[in-house]
$ cat model-v8.txt   # compact mmCIF, C-alpha atoms
# COMPACT_ATOMS: atom_id res chain seq x y z
CA MET A 232 7.30 -15.66 -10.24
CA SER A 233 9.32 -14.53 -7.29
CA GLY A 234 8.78 -11.13 -5.74
CA ALA A 235 11.32 -9.05 -3.87
CA VAL A 236 11.85 -5.64 -2.35
CA ILE A 237 14.82 -3.77 -3.80
CA TRP A 238 15.37 -0.69 -1.69
CA PHE A 239 17.43 2.17 -3.13
CA THR A 240 18.58 4.60 -0.45
CA GLY A 241 20.78 7.67 -0.79
CA LEU A 242 20.85 11.44 -0.91
CA SER A 243 18.67 13.47 -3.22
CA GLY A 244 20.48 13.61 -6.55
CA ALA A 245 22.50 10.43 -5.98
CA GLY A 246 20.75 8.72 -8.88
CA LYS A 247 18.17 6.46 -7.23
CA THR A 248 15.28 7.28 -9.53
CA THR A 249 17.44 7.19 -12.66
CA ILE A 250 18.64 3.68 -11.84
CA VAL A 251 15.18 2.46 -10.90
CA LYS A 252 13.68 3.77 -14.14
CA ALA A 253 16.42 2.09 -16.15
CA LEU A 254 15.87 -1.20 -14.34
CA GLU A 255 12.11 -1.31 -14.73
CA PRO A 256 11.88 -2.16 -18.47
CA VAL A 257 14.72 -4.70 -18.19
CA LEU A 258 12.91 -6.58 -15.45
CA ILE A 259 9.56 -6.40 -17.25
CA GLU A 260 11.27 -7.78 -20.36
CA ALA A 261 12.57 -10.66 -18.22
CA GLY A 262 8.96 -11.51 -17.36
CA HIS A 263 8.58 -9.85 -13.98
CA LYS A 264 5.79 -7.79 -12.56
CA VAL A 265 7.48 -4.58 -11.49
CA GLN A 266 6.30 -1.71 -9.34
CA ILE A 267 8.21 1.45 -8.54
CA LEU A 268 7.44 3.13 -5.22
CA ASP A 269 8.96 6.58 -5.15
CA GLY A 270 9.38 8.25 -1.78
CA ASP A 271 8.38 11.65 -3.11
CA ALA A 272 5.42 10.39 -5.10
CA VAL A 273 3.83 8.46 -2.23
CA ARG A 274 3.86 11.60 -0.11
CA GLU A 275 0.84 12.61 -2.23
CA THR A 276 -1.06 9.43 -1.44
CA LEU A 277 0.17 7.20 1.35
CA SER A 278 1.78 9.91 3.39
CA LYS A 279 -0.13 13.08 2.79
CA GLY A 280 0.16 15.33 5.81
CA LEU A 281 3.47 13.91 7.00
CA GLY A 282 6.40 16.27 7.44
CA PHE A 283 10.13 15.72 7.66
CA SER A 284 10.73 15.15 11.36
CA ARG A 285 12.46 11.89 12.22
CA GLU A 286 9.14 10.44 13.36
CA ASP A 287 7.31 11.46 10.19
CA ARG A 288 10.11 10.21 7.95
CA ASP A 289 10.09 6.88 9.76
CA THR A 290 6.31 6.62 9.41
CA ASN A 291 6.64 7.29 5.69
CA ILE A 292 9.30 4.58 5.34
CA ARG A 293 7.26 2.05 7.31
CA ARG A 294 4.24 2.69 5.09
CA ILE A 295 6.27 2.30 1.93
CA GLY A 296 7.73 -0.86 3.43
CA PHE A 297 4.28 -2.22 4.25
CA VAL A 298 3.08 -1.71 0.68
CA ALA A 299 6.34 -2.99 -0.84
CA ASN A 300 6.17 -6.16 1.24
CA LEU A 301 2.54 -6.78 0.27
CA LEU A 302 3.40 -6.44 -3.41
CA ALA A 303 6.49 -8.65 -3.09
CA LYS A 304 4.43 -11.32 -1.33
CA HIS A 305 2.26 -11.47 -4.46
CA GLY A 306 5.23 -11.87 -6.79
CA VAL A 307 5.94 -8.26 -7.69
CA VAL A 308 9.54 -7.04 -7.88
CA THR A 309 9.15 -3.77 -6.03
CA LEU A 310 11.72 -1.04 -6.60
CA VAL A 311 11.68 1.50 -3.80
CA SER A 312 13.40 4.80 -4.43
CA ALA A 313 13.48 6.78 -1.21
CA ILE A 314 16.12 8.82 0.62
CA SER A 315 15.14 6.88 3.78
CA PRO A 316 17.86 8.46 5.91
CA TYR A 317 17.60 6.34 9.06
CA ARG A 318 19.55 3.09 9.16
CA ASP A 319 17.51 1.22 11.75
CA THR A 320 14.19 1.99 10.11
CA ARG A 321 15.42 0.76 6.73
CA ARG A 322 16.66 -2.48 8.25
CA GLU A 323 13.45 -2.95 10.22
CA VAL A 324 11.39 -2.66 7.05
CA LEU A 325 13.70 -4.78 4.89
CA ASP A 326 13.87 -7.53 7.49
CA GLN A 327 10.10 -8.02 7.07
CA ALA A 328 10.46 -9.01 3.42
CA ASP A 329 11.16 -12.57 2.34
CA LYS A 330 13.60 -11.37 -0.27
CA SER A 331 15.12 -7.94 -0.04
CA LEU A 332 18.18 -5.99 -1.08
CA GLU A 333 19.45 -2.74 0.34
CA VAL A 334 21.16 -0.77 -2.41
CA PHE A 335 23.18 2.25 -1.34
CA VAL A 336 23.17 4.79 -4.18
CA ASP A 337 26.16 6.88 -3.29
CA ALA A 338 28.09 9.88 -4.56
CA PRO A 339 30.03 12.53 -2.65
CA PHE A 340 28.09 15.50 -1.35
CA GLU A 341 29.91 17.81 -3.78
CA THR A 342 28.66 15.69 -6.68
CA VAL A 343 25.00 15.43 -5.68
CA SER A 344 24.78 19.08 -4.61
CA SER A 345 26.35 20.27 -7.86
CA ARG A 346 23.99 18.07 -9.94
CA ASP A 347 21.07 19.68 -8.07
CA VAL A 348 18.53 18.54 -10.63
CA LYS A 349 15.59 20.00 -8.75
CA GLY A 350 17.38 23.11 -7.49
CA LEU A 351 16.77 21.96 -3.94
CA TYR A 352 20.36 21.95 -2.65
CA LYS A 353 20.78 25.59 -3.55
CA LYS A 354 17.69 26.45 -1.53
CA ALA A 355 18.66 24.16 1.35
CA LEU A 356 22.17 25.59 1.53
CA ALA A 357 20.68 29.08 1.52
CA GLY A 358 18.49 28.05 4.45
CA GLU A 359 15.28 28.34 2.44
CA ILE A 360 14.37 24.67 2.98
CA GLN A 361 14.52 23.14 6.45
CA HIS A 362 15.13 19.48 7.28
CA PHE A 363 16.96 18.80 4.04
CA THR A 364 18.83 15.50 4.17
CA GLY A 365 22.57 15.93 3.86
CA VAL A 366 22.40 19.65 4.57
CA SER A 367 20.32 20.30 7.67
CA ASP A 368 19.13 16.75 8.40
CA PRO A 369 21.24 13.61 8.90
CA TYR A 370 21.76 10.80 6.41
CA GLU A 371 22.87 7.51 7.94
CA ALA A 372 24.67 5.57 5.23
CA PRO A 373 24.13 1.80 5.25
CA THR A 374 26.94 -0.03 7.03
CA HIS A 375 26.44 -3.32 5.19
CA PRO A 376 24.32 -2.71 2.10
CA GLU A 377 23.95 -5.68 -0.22
CA LEU A 378 25.13 -3.36 -2.96
CA HIS A 379 27.03 -0.08 -2.91
CA LEU A 380 26.78 1.88 -6.15
CA ARG A 381 29.10 4.83 -6.66
CA THR A 382 27.31 6.87 -9.27
CA ASP A 383 30.15 9.35 -9.56
CA LEU A 384 32.58 6.56 -10.56
CA GLU A 385 30.43 4.14 -12.58
CA SER A 386 28.09 4.61 -15.52
CA LEU A 387 24.34 4.10 -15.32
CA GLU A 388 24.75 0.94 -17.38
CA GLN A 389 27.33 -0.41 -14.94
CA SER A 390 25.10 0.35 -11.96
CA VAL A 391 22.14 -1.39 -13.62
CA ASP A 392 24.28 -4.43 -14.47
CA ARG A 393 25.48 -4.69 -10.89
CA VAL A 394 21.91 -4.67 -9.61
CA LEU A 395 20.94 -7.35 -12.12
CA GLU A 396 23.87 -9.55 -11.08
CA LYS A 397 22.82 -9.22 -7.47
CA LEU A 398 19.22 -10.08 -8.31
CA ALA A 399 20.40 -13.17 -10.15
CA SER A 400 22.28 -14.25 -7.01
CA LEU A 401 18.96 -13.99 -5.14
CA GLY A 402 17.39 -16.38 -7.64
CA ILE A 403 15.51 -13.65 -9.46
CA ARG A 404 15.45 -14.12 -13.21
CA VAL A 405 17.32 -11.46 -15.18
CA PRO A 406 18.24 -11.19 -18.88
CA VAL A 407 20.93 -13.67 -19.94
CA SER A 408 23.32 -10.92 -20.97
CA ALA A 409 23.46 -9.50 -17.47
CA MET B 264 -4.51 -13.70 -13.95
CA SER B 265 -6.91 -10.82 -13.64
CA GLY B 266 -6.91 -8.63 -10.55
CA ALA B 267 -9.82 -6.70 -9.12
CA VAL B 268 -10.88 -4.65 -6.15
CA ILE B 269 -13.89 -6.05 -4.32
CA TRP B 270 -14.98 -3.49 -1.76
CA PHE B 271 -17.20 -4.59 1.12
CA THR B 272 -18.85 -1.66 2.88
CA GLY B 273 -21.34 -1.70 5.72
CA LEU B 274 -21.83 -1.12 9.42
CA SER B 275 -19.69 -2.76 12.05
CA GLY B 276 -21.19 -6.19 12.67
CA ALA B 277 -22.89 -6.44 9.26
CA GLY B 278 -20.68 -9.40 8.32
CA LYS B 279 -18.03 -7.90 6.02
CA THR B 280 -15.06 -9.68 7.54
CA THR B 281 -16.90 -12.99 7.86
CA ILE B 282 -17.77 -12.96 4.16
CA VAL B 283 -14.29 -11.89 3.11
CA LYS B 284 -12.66 -14.64 5.16
CA ALA B 285 -15.01 -17.23 3.66
CA LEU B 286 -14.26 -16.00 0.14
CA GLU B 287 -10.48 -15.98 0.45
CA PRO B 288 -9.83 -19.76 0.38
CA VAL B 289 -12.37 -20.27 -2.42
CA LEU B 290 -10.61 -17.74 -4.63
CA ILE B 291 -7.16 -19.09 -3.79
CA GLU B 292 -8.42 -22.57 -4.68
CA ALA B 293 -9.57 -21.16 -8.03
CA GLY B 294 -5.99 -20.07 -8.69
CA HIS B 295 -6.11 -16.41 -7.70
CA LYS B 296 -3.71 -14.35 -5.70
CA VAL B 297 -5.83 -12.89 -2.94
CA GLN B 298 -5.17 -10.12 -0.44
CA ILE B 299 -7.50 -8.99 2.31
CA LEU B 300 -7.23 -5.36 3.37
CA ASP B 301 -9.12 -4.83 6.59
CA GLY B 302 -10.03 -1.29 7.53
CA ASP B 303 -9.32 -1.84 11.21
CA ALA B 304 -6.05 -3.69 10.63
CA VAL B 305 -4.54 -1.05 8.34
CA ARG B 306 -5.10 1.57 11.00
CA GLU B 307 -2.06 0.03 12.67
CA THR B 308 0.12 0.45 9.59
CA LEU B 309 -1.09 2.62 6.75
CA SER B 310 -3.17 4.92 8.85
CA LYS B 311 -1.59 5.11 12.25
CA GLY B 312 -2.39 8.45 13.83
CA LEU B 313 -5.62 8.99 11.92
CA GLY B 314 -8.81 9.53 13.86
CA PHE B 315 -12.47 9.24 12.94
CA SER B 316 -13.35 12.67 11.62
CA ARG B 317 -14.77 12.73 8.12
CA GLU B 318 -11.42 13.94 6.78
CA ASP B 319 -9.44 11.24 8.54
CA ARG B 320 -11.86 8.51 7.50
CA ASP B 321 -11.63 9.66 3.90
CA THR B 322 -7.83 9.70 4.06
CA ASN B 323 -7.91 6.16 5.42
CA ILE B 324 -10.20 5.02 2.59
CA ARG B 325 -8.07 6.72 -0.08
CA ARG B 326 -4.96 5.00 1.23
CA ILE B 327 -6.64 1.60 1.28
CA GLY B 328 -7.85 2.34 -2.23
CA PHE B 329 -4.36 3.28 -3.40
CA VAL B 330 -2.91 0.01 -2.10
CA ALA B 331 -5.86 -2.08 -3.35
CA ASN B 332 -5.52 -0.60 -6.82
CA LEU B 333 -1.77 -1.26 -6.91
CA LEU B 334 -2.34 -4.88 -5.94
CA ALA B 335 -5.17 -5.32 -8.44
CA LYS B 336 -3.00 -3.87 -11.20
CA HIS B 337 -0.55 -6.71 -10.54
CA GLY B 338 -3.22 -9.40 -10.76
CA VAL B 339 -4.25 -9.69 -7.12
CA VAL B 340 -7.93 -10.06 -6.23
CA THR B 341 -8.07 -7.61 -3.35
CA LEU B 342 -10.87 -7.94 -0.83
CA VAL B 343 -11.37 -4.74 1.12
CA SER B 344 -13.39 -4.95 4.30
CA ALA B 345 -13.98 -1.44 5.61
CA ILE B 346 -16.98 0.42 7.01
CA SER B 347 -16.10 3.27 4.59
CA PRO B 348 -19.16 5.34 5.47
CA TYR B 349 -18.96 8.05 2.81
CA ARG B 350 -20.53 7.35 -0.56
CA ASP B 351 -18.53 9.76 -2.70
CA THR B 352 -15.19 8.67 -1.31
CA ARG B 353 -15.96 5.01 -1.98
CA ARG B 354 -16.96 5.76 -5.56
CA GLU B 355 -13.92 7.94 -6.11
CA VAL B 356 -11.62 5.14 -5.02
CA LEU B 357 -13.47 2.39 -6.87
CA ASP B 358 -13.57 4.39 -10.07
CA GLN B 359 -9.76 4.32 -10.13
CA ALA B 360 -9.66 0.53 -10.41
CA ASP B 361 -9.84 -1.26 -13.75
CA LYS B 362 -12.16 -3.86 -12.30
CA SER B 363 -14.07 -3.18 -9.14
CA LEU B 364 -17.20 -4.17 -7.32
CA GLU B 365 -18.96 -2.33 -4.53
CA VAL B 366 -20.63 -4.85 -2.23
CA PHE B 367 -23.06 -3.48 0.32
CA VAL B 368 -23.09 -5.77 3.34
CA ASP B 369 -26.35 -4.87 4.94
CA ALA B 370 -28.46 -5.77 7.93
CA PRO B 371 -30.86 -3.64 9.99
CA PHE B 372 -29.39 -1.62 12.83
CA GLU B 373 -31.23 -3.78 15.37
CA THR B 374 -29.50 -6.86 13.98
CA VAL B 375 -25.94 -5.53 13.88
CA SER B 376 -26.23 -3.80 17.23
CA SER B 377 -27.60 -6.91 18.88
CA ARG B 378 -24.85 -9.10 17.35
CA ASP B 379 -22.32 -6.65 18.85
CA VAL B 380 -19.42 -9.09 18.47
CA LYS B 381 -16.86 -6.66 19.82
CA GLY B 382 -19.10 -5.05 22.44
CA LEU B 383 -18.70 -1.72 20.67
CA TYR B 384 -22.35 -0.86 20.08
CA LYS B 385 -23.09 -1.13 23.79
CA LYS B 386 -20.33 1.37 24.51
CA ALA B 387 -21.28 3.64 21.64
CA LEU B 388 -24.94 3.70 22.65
CA ALA B 389 -23.86 4.50 26.21
CA GLY B 390 -21.84 7.41 24.83
CA GLU B 391 -18.50 5.85 25.81
CA ILE B 392 -17.24 5.82 22.20
CA GLN B 393 -17.54 8.91 20.03
CA HIS B 394 -17.79 8.98 16.23
CA PHE B 395 -19.25 5.48 16.02
CA THR B 396 -20.73 4.80 12.60
CA GLY B 397 -24.47 4.16 12.73
CA VAL B 398 -24.77 5.57 16.25
CA SER B 399 -23.06 8.94 16.48
CA ASP B 400 -21.56 9.15 12.98
CA PRO B 401 -23.33 8.82 9.61
CA TYR B 402 -23.32 5.82 7.29
CA GLU B 403 -24.19 6.58 3.69
CA ALA B 404 -25.50 3.38 2.16
CA PRO B 405 -24.56 2.77 -1.48
CA THR B 406 -27.30 3.87 -3.87
CA HIS B 407 -26.26 1.52 -6.69
CA PRO B 408 -23.96 -1.15 -5.30
CA GLU B 409 -23.05 -3.91 -7.71
CA LEU B 410 -24.21 -6.29 -5.03
CA HIS B 411 -26.48 -5.87 -2.01
CA LEU B 412 -26.15 -8.64 0.55
CA ARG B 413 -28.74 -8.87 3.32
CA THR B 414 -26.92 -10.84 5.98
CA ASP B 415 -30.01 -10.98 8.20
CA LEU B 416 -31.99 -12.73 5.44
CA GLU B 417 -29.43 -14.93 3.69
CA SER B 418 -26.88 -17.44 4.94
CA LEU B 419 -23.13 -16.92 4.73
CA GLU B 420 -23.00 -19.56 2.02
CA GLN B 421 -25.63 -17.71 0.00
CA SER B 422 -23.78 -14.42 0.36
CA VAL B 423 -20.51 -16.02 -0.75
CA ASP B 424 -22.21 -17.64 -3.74
CA ARG B 425 -23.71 -14.34 -4.80
CA VAL B 426 -20.28 -12.68 -4.71
CA LEU B 427 -18.79 -15.52 -6.75
CA GLU B 428 -21.55 -15.23 -9.37
CA LYS B 429 -20.87 -11.53 -9.66
CA LEU B 430 -17.13 -12.11 -10.00
CA ALA B 431 -17.80 -14.61 -12.77
CA SER B 432 -19.81 -11.96 -14.60
CA LEU B 433 -16.73 -9.71 -14.41
CA GLY B 434 -14.70 -12.41 -16.11
CA ILE B 435 -12.95 -13.47 -12.91
CA ARG B 436 -12.52 -17.21 -12.62
CA VAL B 437 -14.48 -18.87 -9.83
CA PRO B 438 -15.08 -22.52 -8.94
CA VAL B 439 -17.36 -24.32 -11.39
CA SER B 440 -19.95 -25.08 -8.72
CA ALA B 441 -20.54 -21.39 -8.05

$ encode --input "model-v8.txt" --output "structure tokens"
Amino acid sequence: MSGAVIWFTGLSGAGKTTIVKALEPVLIEAGHKVQILDGDAVRETLSKGLGFSREDRDTNIRRIGFVANLLAKHGVVTLVSAISPYRDTRREVLDQADKSLEVFVDAPFETVSSRDVKGLYKKALAGEIQHFTGVSDPYEAPTHPELHLRTDLESLEQSVDRVLEKLASLGIRVPVSA
Amino acid sequence: MSGAVIWFTGLSGAGKTTIVKALEPVLIEAGHKVQILDGDAVRETLSKGLGFSREDRDTNIRRIGFVANLLAKHGVVTLVSAISPYRDTRREVLDQADKSLEVFVDAPFETVSSRDVKGLYKKALAGEIQHFTGVSDPYEAPTHPELHLRTDLESLEQSVDRVLEKLASLGIRVPVSA
């Protein structure tokens, strides 16, 4: 079975984790081994002690990329959900994988900041959190992502279907209905 | 196919990497997915920036353990070769794996320091390297390893055979001759 790294990048609140969690059971059902690597979650394990400077963010992304590539090499479809704000670092990491997709999970700032699921934008805009991507830290949108999802304009189901279509074009088995 | 974490601990020069490299092709031949995680090598990726204090060594071991467990969960037989000097940290990490083996790769200090493949013992004994395990830093030998290899008393082939026998007892397929 063929592994791959599917890298979901975008602002906090854009919908990365929601899409990844919806994809996981579909891909498992299609017979794949699937692993989610969540940028926030790995900060407790892989990246404990790292902060949010450019250097530390890049180190975090390179570590996630290292693990994702190892898993993909052994046939695991690895879904990375990470803000990963720096364009060059994302490309560097994705270029190391045999099969990879960069998926830009996108919605206007007004949308993601008003969703504010974790209440973080409110704090960031009030200056209570430093280095917050999109507020006080840059986000470099992909210039040529393999897929550009607009979560303010399309439904979750549509986003998932578009990812599945793209995976099929990479030769990765997906459910027939997709 | 069943994954597992096989953790080789021991002093520098005890023979961990030699055994792991001899095992890899045998296990691949038996149909396994195999990944080697080498403690020195991952310092360039997973653990860049970490030093050799107890805390940093433990962080390094926990990260290797995290990755090894992820791989094992997806069916990969993961061979870890790492000095990993602290007993409790090794057990903590191994206890997280569904299937794991602690293999103590052992030889007397006189043997490993006289092998001195990398010329490190000479420097450590001369005080040119600090925090060198077995010289200026502690090594806590396993009290109940699943396997205790004495590389000064047995041949590489014997050591490899003993690992294969142990793997078979865990229900992991090995070549018939083993």

$ closest_residue --input "model-v8.txt" --among "B:Ser422, B:Ser347, B:Thr406, B:Thr341" --to "chain A" --atoms "only C-alpha atoms"
B:Thr341

$ residues_around --input "model-v8.txt" --residues "Lys284 in chain B" --least-positions-apart "5" --cutoff "12 Å" --atoms "all atoms listed in the file" --output "PyMOL selection string"
chain B and resi 271+278-279+289-291+297-301+341-344+419-420+423

$ atom_distance --input "model-v8.txt" --atom1 "CA of Lys362 in chain B" --atom2 "CA of Val251 in chain A"
28.1 Å

$ residues_around --input "model-v8.txt" --residues "Glu292 in chain B" --least-positions-apart "5" --cutoff "12 Å" --atoms "only C-alpha atoms" --output "list in words"
Ala285, Leu286, Glu287, Val297, Arg436, Val437, Pro438 and Val439 of chain B

$ residues_around --input "model-v8.txt" --residues "Thr290 in chain A" --least-positions-apart "2" --cutoff "10 Å" --atoms "all atoms listed in the file" --output "PyMOL selection string"
(chain A and resi 278+281-282+284-288+292-296+320) or (chain B and resi 308-312)

$ atom_distance --input "model-v8.txt" --atom1 "CA of Ser386 in chain A" --atom2 "CA of Gly262 in chain A"
25.1 Å

$ atom_distance --input "model-v8.txt" --atom1 "CA of Leu357 in chain B" --atom2 "CA of Ala370 in chain B"
22.6 Å

$ closest_residue --input "model-v8.txt" --among "B:Gly338, B:Gly302, B:Gly273, B:Pro348" --to "chain A" --atoms "only C-alpha atoms"
B:Gly338

$ residues_around --input "model-v8.txt" --residues "Ala360 in chain B" --least-positions-apart "4" --cutoff "8 Å" --atoms "all atoms listed in the file" --output "ChimeraX atom specification"
/B:267-268,332,335,356
